[in-house]
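Q: Have a peek at data-v1.txt (compact mmCIF, C-alpha atoms and all ligand atoms).
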# COMPACT_ATOMS: atom_id res chain seq x y z
CA MET A 1 83.96 19.42 44.42
CA LYS A 2 81.20 16.82 44.77
CA VAL A 3 77.98 16.91 42.71
CA LYS A 4 75.05 14.98 44.17
CA LEU A 5 72.03 14.73 41.87
CA CYS A 6 68.70 15.55 43.52
CA SER A 7 66.55 13.48 41.16
CA GLY A 8 66.68 11.94 37.71
CA ALA A 9 65.00 15.03 36.28
CA LEU A 10 67.01 18.03 37.50
CA GLY A 11 68.80 19.62 40.41
CA ALA A 12 72.16 19.01 42.06
CA GLU A 13 73.58 19.66 45.47
CA ILE A 14 77.15 20.91 45.18
CA GLU A 15 79.66 20.25 47.95
CA GLY A 16 83.15 21.68 48.38
CA ILE A 17 82.54 25.16 46.96
CA ASP A 18 82.54 28.35 49.00
CA LEU A 19 80.43 30.71 46.90
CA ARG A 20 82.27 33.69 48.40
CA THR A 21 85.30 32.67 46.33
CA ILE A 22 83.40 32.88 43.03
CA ASN A 23 84.41 35.81 40.84
CA SER A 24 84.48 36.67 37.15
CA ASP A 25 87.55 34.43 36.63
CA ASN A 26 85.96 31.21 37.92
CA PHE A 27 82.27 32.06 37.32
CA LYS A 28 82.10 29.65 34.33
CA LEU A 29 82.26 26.72 36.76
CA ILE A 30 79.02 27.81 38.47
CA ASN A 31 77.30 28.81 35.25
CA ASP A 32 78.12 25.43 33.65
CA LEU A 33 76.72 23.62 36.71
CA LEU A 34 73.57 25.72 36.47
CA LEU A 35 73.11 25.08 32.75
CA GLU A 36 73.57 21.35 33.29
CA HIS A 37 71.37 20.89 36.38
CA LYS A 38 68.99 23.90 36.09
CA VAL A 39 68.88 24.33 39.86
CA ILE A 40 71.90 24.00 42.14
CA PHE A 41 72.04 23.96 45.92
CA PHE A 42 74.88 24.81 48.31
CA ARG A 43 74.69 24.18 52.07
CA GLU A 44 76.57 26.05 54.83
CA GLN A 45 77.22 29.22 52.83
CA ASN A 46 77.54 32.01 55.32
CA MET A 47 76.96 34.84 52.85
CA SER A 48 76.40 38.45 53.82
CA PRO A 49 73.88 40.52 51.80
CA GLU A 50 76.80 42.16 49.93
CA GLU A 51 78.31 38.77 49.07
CA GLN A 52 74.95 37.46 47.86
CA ILE A 53 74.50 40.59 45.69
CA ASN A 54 78.04 40.21 44.25
CA LEU A 55 77.33 36.58 43.38
CA ALA A 56 74.07 37.54 41.66
CA LYS A 57 75.79 40.29 39.65
CA LEU A 58 78.10 37.73 38.06
CA PHE A 59 75.02 36.38 36.22
CA GLY A 60 73.98 39.84 34.98
CA PRO A 61 72.23 43.00 36.17
CA VAL A 62 70.03 42.44 39.20
CA GLU A 63 66.41 43.58 39.18
CA GLU A 64 64.10 44.86 41.88
CA HIS A 65 60.67 43.29 42.31
CA ALA A 66 57.84 44.94 40.36
CA TYR A 67 55.67 45.52 43.45
CA VAL A 68 57.41 44.51 46.67
CA LYS A 69 59.73 46.74 48.71
CA GLY A 70 63.28 45.47 49.13
CA LEU A 71 65.20 44.95 52.35
CA GLU A 72 66.25 48.14 54.19
CA GLY A 73 69.59 49.22 52.72
CA TYR A 74 69.48 46.49 50.06
CA PRO A 75 66.69 47.24 47.57
CA GLU A 76 67.87 44.32 45.38
CA ILE A 77 67.00 41.82 48.13
CA THR A 78 63.38 40.83 48.63
CA ARG A 79 63.01 39.33 52.08
CA LEU A 80 60.35 36.61 52.03
CA ILE A 81 58.93 36.21 55.52
CA LYS A 82 56.39 33.63 56.55
CA ASP A 83 55.37 34.53 60.07
CA ALA A 84 55.18 31.75 62.68
CA GLU A 85 51.38 31.79 62.63
CA GLU A 86 50.90 32.25 58.89
CA LYS A 87 49.68 29.39 56.77
CA ASN A 88 50.19 31.24 53.45
CA GLN A 89 53.60 31.55 51.93
CA TRP A 90 54.94 33.60 49.02
CA GLY A 91 55.70 31.40 46.05
CA GLU A 92 53.12 28.69 46.64
CA GLY A 93 51.63 27.47 43.37
CA TRP A 94 53.66 26.56 40.25
CA HIS A 95 55.31 29.58 38.64
CA SER A 96 58.30 30.96 36.85
CA ASP A 97 59.35 34.27 38.43
CA VAL A 98 57.90 37.42 36.83
CA SER A 99 57.08 35.65 33.57
CA TYR A 100 54.65 38.55 33.02
CA ASN A 101 57.53 41.01 32.43
CA GLU A 102 58.79 41.80 28.95
CA THR A 103 62.16 40.37 29.97
CA PRO A 104 61.43 37.76 32.68
CA THR A 105 64.03 36.92 35.32
CA LYS A 106 67.04 34.94 34.13
CA ALA A 107 68.13 33.41 37.43
CA VAL A 108 67.33 33.65 41.13
CA ILE A 109 69.79 33.42 44.01
CA LEU A 110 67.81 32.46 47.12
CA LYS A 111 69.34 32.28 50.59
CA SER A 112 67.66 30.52 53.50
CA VAL A 113 67.83 32.76 56.58
CA LYS A 114 65.41 31.00 58.95
CA ILE A 115 64.01 27.54 58.28
CA PRO A 116 61.29 25.75 60.26
CA PRO A 117 62.11 22.32 61.71
CA VAL A 118 59.41 20.85 59.50
CA GLY A 119 57.80 21.95 56.23
CA GLY A 120 58.61 24.58 53.64
CA ASP A 121 60.46 22.56 51.01
CA THR A 122 60.68 23.93 47.46
CA VAL A 123 59.93 21.82 44.38
CA PHE A 124 61.34 22.52 40.92
CA SER A 125 60.19 21.10 37.59
CA ASN A 126 62.28 20.79 34.41
CA MET A 127 60.59 22.59 31.50
CA GLU A 128 63.00 21.24 28.90
CA LEU A 129 61.87 17.72 29.82
CA ALA A 130 58.27 18.96 30.00
CA TRP A 131 58.50 20.02 26.34
CA GLU A 132 60.23 16.78 25.27
CA THR A 133 57.57 14.63 26.94
CA LEU A 134 54.48 16.67 26.03
CA ASP A 135 51.71 14.89 24.12
CA LYS A 136 52.24 15.18 20.31
CA GLU A 137 48.79 16.67 19.64
CA LEU A 138 49.32 19.34 22.29
CA LYS A 139 52.75 20.09 20.83
CA LYS A 140 51.16 20.73 17.43
CA ILE A 141 48.60 23.13 18.93
CA VAL A 142 51.06 25.25 20.91
CA GLU A 143 54.34 25.03 18.99
CA ASN A 144 54.17 28.35 17.16
CA ARG A 145 51.79 30.21 19.44
CA ARG A 146 52.25 32.81 22.14
CA ALA A 147 50.59 33.06 25.53
CA GLU A 148 49.68 36.03 27.67
CA HIS A 149 51.21 36.28 31.16
CA PHE A 150 49.54 38.57 33.74
CA SER A 151 51.26 40.37 36.64
CA LEU A 152 48.13 40.08 38.84
CA GLY A 153 48.67 43.52 40.42
CA ALA A 154 50.31 44.68 43.67
CA GLY A 155 47.60 43.12 45.86
CA PHE A 156 48.50 39.59 44.77
CA PHE A 157 52.01 39.95 46.18
CA ILE A 158 51.20 41.90 49.32
CA ASP A 159 47.66 41.47 50.65
CA SER A 160 47.84 37.80 51.67
CA TYR A 161 51.10 38.12 53.61
CA LYS A 162 51.74 39.86 56.89
CA HIS A 163 55.27 41.15 56.27
CA PHE A 164 55.25 42.28 52.65
CA GLU A 165 55.23 45.98 51.88
CA SER A 166 54.53 47.76 48.62
CA ASN A 167 57.44 49.54 46.94
CA GLY A 168 55.01 52.33 46.15
CA ASN A 169 54.42 51.10 42.63
CA ASP A 170 50.68 50.78 42.71
CA ALA A 171 50.61 49.92 39.03
CA LYS A 172 47.61 47.87 38.11
CA GLU A 173 47.89 44.48 36.53
CA TYR A 174 49.79 44.38 33.23
CA SER A 175 50.65 41.58 30.84
CA ASN A 176 53.10 40.47 28.16
CA HIS A 177 52.95 37.84 25.43
CA HIS A 178 55.71 35.24 25.13
CA PRO A 179 56.27 32.21 22.90
CA ILE A 180 54.86 29.06 24.54
CA VAL A 181 57.97 27.22 23.44
CA ARG A 182 61.04 29.37 23.98
CA THR A 183 64.65 28.68 23.08
CA HIS A 184 67.25 28.79 25.82
CA PRO A 185 69.70 31.54 24.84
CA GLU A 186 72.72 29.64 26.20
CA THR A 187 71.94 25.96 25.48
CA GLY A 188 69.72 26.32 22.40
CA LYS A 189 67.21 23.84 23.96
CA LYS A 190 63.44 24.16 23.57
CA ILE A 191 61.54 24.96 26.76
CA LEU A 192 57.85 24.93 27.64
CA PHE A 193 57.39 28.48 28.90
CA VAL A 194 53.97 28.80 30.53
CA ASN A 195 53.01 28.49 34.18
CA TRP A 196 49.91 28.00 36.31
CA THR A 197 50.20 31.26 38.28
CA TYR A 198 50.69 33.88 35.56
CA THR A 199 49.77 32.39 32.16
CA LYS A 200 46.10 32.93 31.49
CA LYS A 201 45.50 32.88 27.70
CA ILE A 202 46.80 31.34 24.49
CA GLU A 203 46.77 33.81 21.61
CA GLY A 204 44.47 32.94 18.72
CA LEU A 205 42.41 30.28 20.54
CA GLU A 206 38.83 30.64 21.78
CA GLU A 207 38.72 31.11 25.55
CA HIS A 208 37.33 27.62 26.27
CA GLU A 209 39.93 25.96 24.03
CA SER A 210 42.76 28.02 25.53
CA ASN A 211 41.62 27.07 29.06
CA GLU A 212 41.42 23.40 28.12
CA VAL A 213 44.90 23.33 26.54
CA LEU A 214 46.48 25.29 29.39
CA SER A 215 44.98 23.06 32.04
CA LYS A 216 46.35 19.95 30.27
CA ILE A 217 49.79 21.58 30.06
CA PHE A 218 49.72 22.64 33.72
CA GLU A 219 48.89 19.09 34.75
CA HIS A 220 51.74 17.77 32.59
CA GLN A 221 54.28 20.29 33.99
CA SER A 222 53.62 19.13 37.52
CA ARG A 223 54.29 15.43 36.78
CA LEU A 224 56.41 14.21 39.69
CA ASP A 225 58.94 12.53 37.39
CA LEU A 226 59.91 15.97 36.03
CA THR A 227 60.66 17.37 39.49
CA CYS A 228 63.11 17.51 42.36
CA ARG A 229 62.37 18.60 45.93
CA TYR A 230 64.76 20.46 48.20
CA SER A 231 64.66 20.41 52.01
CA TRP A 232 66.29 23.57 53.28
CA THR A 233 68.58 24.09 56.24
CA GLU A 234 69.75 27.56 57.26
CA ASP A 235 72.43 29.42 55.28
CA ASN A 236 71.83 27.49 52.08
CA ILE A 237 71.97 29.09 48.67
CA ALA A 238 69.85 27.86 45.77
CA ILE A 239 70.42 29.19 42.27
CA TRP A 240 67.84 28.37 39.61
CA ASP A 241 67.69 29.03 35.91
CA ASN A 242 64.30 30.69 35.78
CA ARG A 243 64.21 30.36 31.98
CA CYS A 244 63.84 26.59 32.10
CA VAL A 245 62.31 25.59 35.45
CA ILE A 246 59.10 26.32 37.26
CA HIS A 247 58.99 26.07 41.04
CA TYR A 248 56.59 25.77 43.96
CA ALA A 249 57.27 26.77 47.58
CA ILE A 250 55.25 24.23 49.57
CA ALA A 251 53.17 25.88 52.30
CA ASP A 252 52.64 22.72 54.35
CA PHE A 253 52.10 24.69 57.54
CA PHE A 254 49.04 23.14 59.13
CA PRO A 255 47.78 23.86 62.66
CA GLY A 256 49.10 21.18 64.99
CA ARG A 257 51.70 20.08 62.45
CA GLY A 258 54.05 22.43 60.52
CA LEU A 259 52.51 25.69 61.73
CA GLY A 260 54.13 27.76 64.48
CA TYR A 261 57.52 28.48 62.92
CA GLU A 262 58.96 31.34 60.97
CA ARG A 263 60.50 30.84 57.50
CA VAL A 264 62.68 33.63 56.09
CA MET A 265 64.41 33.72 52.70
CA ASP A 266 66.44 36.44 50.94
CA ARG A 267 65.78 36.52 47.21
CA ILE A 268 67.80 38.27 44.51
CA ALA A 269 66.70 38.13 40.87
CA VAL A 270 68.84 38.61 37.78
CA LEU A 271 67.33 40.34 34.78
CA GLY A 272 66.65 38.11 31.78
CA ASP A 273 66.16 38.78 28.09
CA ARG A 274 63.11 38.72 25.86
CA PRO A 275 62.03 35.09 25.27
CA TYR A 276 62.22 33.94 21.63
C1 LIG B 1 59.89 31.97 45.27
O1 LIG B 1 58.92 31.44 44.78
O2 LIG B 1 60.51 32.84 44.65
C2 LIG B 1 60.32 31.58 46.67
C3 LIG B 1 60.67 30.16 46.81
C4 LIG B 1 60.83 29.72 48.23
O3 LIG B 1 60.64 30.51 49.16
O4 LIG B 1 61.13 28.55 48.46
Show me this structure written as structure tokens.
Ligand code: SIN
A:
Amino acid sequence: MKVKLCSGALGAEIEGIDLRTINSDNFKLINDLLLEHKVIFFREQNMSPEEQINLAKLFGPVEEHAYVKGLEGYPEITRLIKDAEEKNQWGEGWHSDVSYNETPTKAVILKSVKIPPVGGDTVFSNMELAWETLDKELKKIVENRRAEHFSLGAGFFIDSYKHFESNGNDAKEYSNHHPIVRTHPETGKKILFVNWTYTKKIEGLEEHESNEVLSKIFEHQSRLDLTCRYSWTEDNIAIWDNRCVIHYAIADFFPGRGLGYERVMDRIAVLGDRPY
């Protein structure tokens, strides 16, 4: 096995492992790599939907998306399609997956099915480092507070994209409160757990103060020295620890440049626990 670091902040590309050979006996190897690097990438993994689901289940129970219909025959798989002529892409903007749920996603197993010749990289940012490097005054303000995360409603996930269908859950927007600094249940490390897409309010602060603090934190979280960037090829698998990274699917599909190609990903999410 070869481990190639993606940046000084997080992420590793792992060579010499066929993920189809991972089972409950050797799962610790993958989990340890994930805990150490927070996001791990594997190229040339020719996984079927069943094999991808089996891999995901080693991390825990899989969850279906709150609003989006799963792939035909595989409700656990959300197929993310960016049509050739679409500029928008699911996942653009910094976020941590479903942070608005009571028990946000633990890990995501994402498979690249169709990748454009240019554009569509994904960037990840290390929220353990983001907490360590946060300004002392900001740390004091947020350390023992909670923030409110909003689901944004079915329309947010469906209306702007050509190929996304509702799962029939027309539930309106809902929200949950989580500690701004959570503790990783496996490593014990402190993590900055807010994100630009879903976190809208800090409990106990006036609206203007909450907005000001959140915007400073969002700027800090996106510092390039906290990030790594992955350029996909087809049949790759990325696994990220959604408890301690935020990510951003770059929609750099501009007319005359990156536009004109399809991008298709199969996403499976593993249920997490209640942040503390
Ligand atoms: C996501 O945000 O879950 C999707 C990431 C990607 O398509 O690169």
Q: Would you mind telling me which residue in A:Ser48, A:Val264, A:Lys136, A:Gly73 lies nearest to ligand LIG 1 (chain B) when using only C-alpha atoms and all ligand atoms?
A: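 With only C-alpha atoms and all ligand atoms as the atom set, the closest residue is A:Val264.
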Q: Quick one: residues within 9 Å of Leu33 of chain A, all atoms listed in the file, excluding same-chain residues fewer than 5 positions away - as a list in words?
A: Ala12, Ile14, Lys28, Lys38, Val39 and Ile40 of chain A
Q: Just the selected residues (C-alpha atoms), exported as an mmCIF file, in the frame of the given file, please.
A:
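Listing of again-v9.cif after writing:
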data_model
loop_
_atom_site.group_PDB
_atom_site.id
_atom_site.type_symbol
_atom_site.label_atom_id
_atom_site.label_comp_id
_atom_site.auth_asym_id
_atom_site.auth_seq_id
_atom_site.Cartn_x
_atom_site.Cartn_y
_atom_site.Cartn_z
ATOM 1 C CA ALA A 12 72.160 19.010 42.060
ATOM 2 C CA ILE A 14 77.150 20.910 45.180
ATOM 3 C CA LYS A 28 82.100 29.650 34.330
ATOM 4 C CA LYS A 38 68.990 23.900 36.090
ATOM 5 C CA VAL A 39 68.880 24.330 39.860
ATOM 6 C CA ILE A 40 71.900 24.000 42.140
#
Q: Once you count all atoms listed in the file, what closest atom pair and distance in Å to one decimal does each residue of chain A within 8 Å of ligand LIG 1 (chain B) have, with rows by chain and rising residue number, as CSV?
A:
residue,atom,partner,partner_atom,distance
A:Leu80,CA,B:LIG1,O3,6.7
A:Gln89,CA,B:LIG1,O3,7.6
A:Trp90,CA,B:LIG1,O1,6.2
A:Gly91,CA,B:LIG1,O1,3.5
A:Glu92,CA,B:LIG1,O1,6.7
A:His95,CA,B:LIG1,O1,7.4
A:Ser96,CA,B:LIG1,O1,8.0
A:Asp97,CA,B:LIG1,O2,6.5
A:Val108,CA,B:LIG1,O2,7.7
A:Leu110,CA,B:LIG1,C3,7.5
A:Gly120,CA,B:LIG1,O4,7.0
A:Asp121,CA,B:LIG1,O4,6.5
A:Thr122,CA,B:LIG1,O4,4.7
A:Val123,CA,B:LIG1,O4,8.0
A:His247,CA,B:LIG1,O1,6.5
A:Tyr248,CA,B:LIG1,O1,6.2
A:Ala249,CA,B:LIG1,O4,4.3
A:Ile250,CA,B:LIG1,O4,7.4
A:Val264,CA,B:LIG1,O3,7.9
A:Met265,CA,B:LIG1,O3,6.1
A:Arg267,CA,B:LIG1,O2,6.9
Q: Select, from A:Ser151, A:Ser175, A:Gln52, A:Asn242, the residue with the minimum atom-to-atom distance to Ala107 of chain A, counting all atoms listed in the file.
A: A:Asn242
Q: What is the atom CA of Asn31 of chain A-atom CA of Glu72 of chain A distance in Å, reported with one decimal?
A: 29.2 Å
Q: Using only C-alpha atoms, which residue out of A:Glu13, A:His177, A:Leu152, A:Asp241 lies closest to Arg229 of chain A?
A: A:Glu13
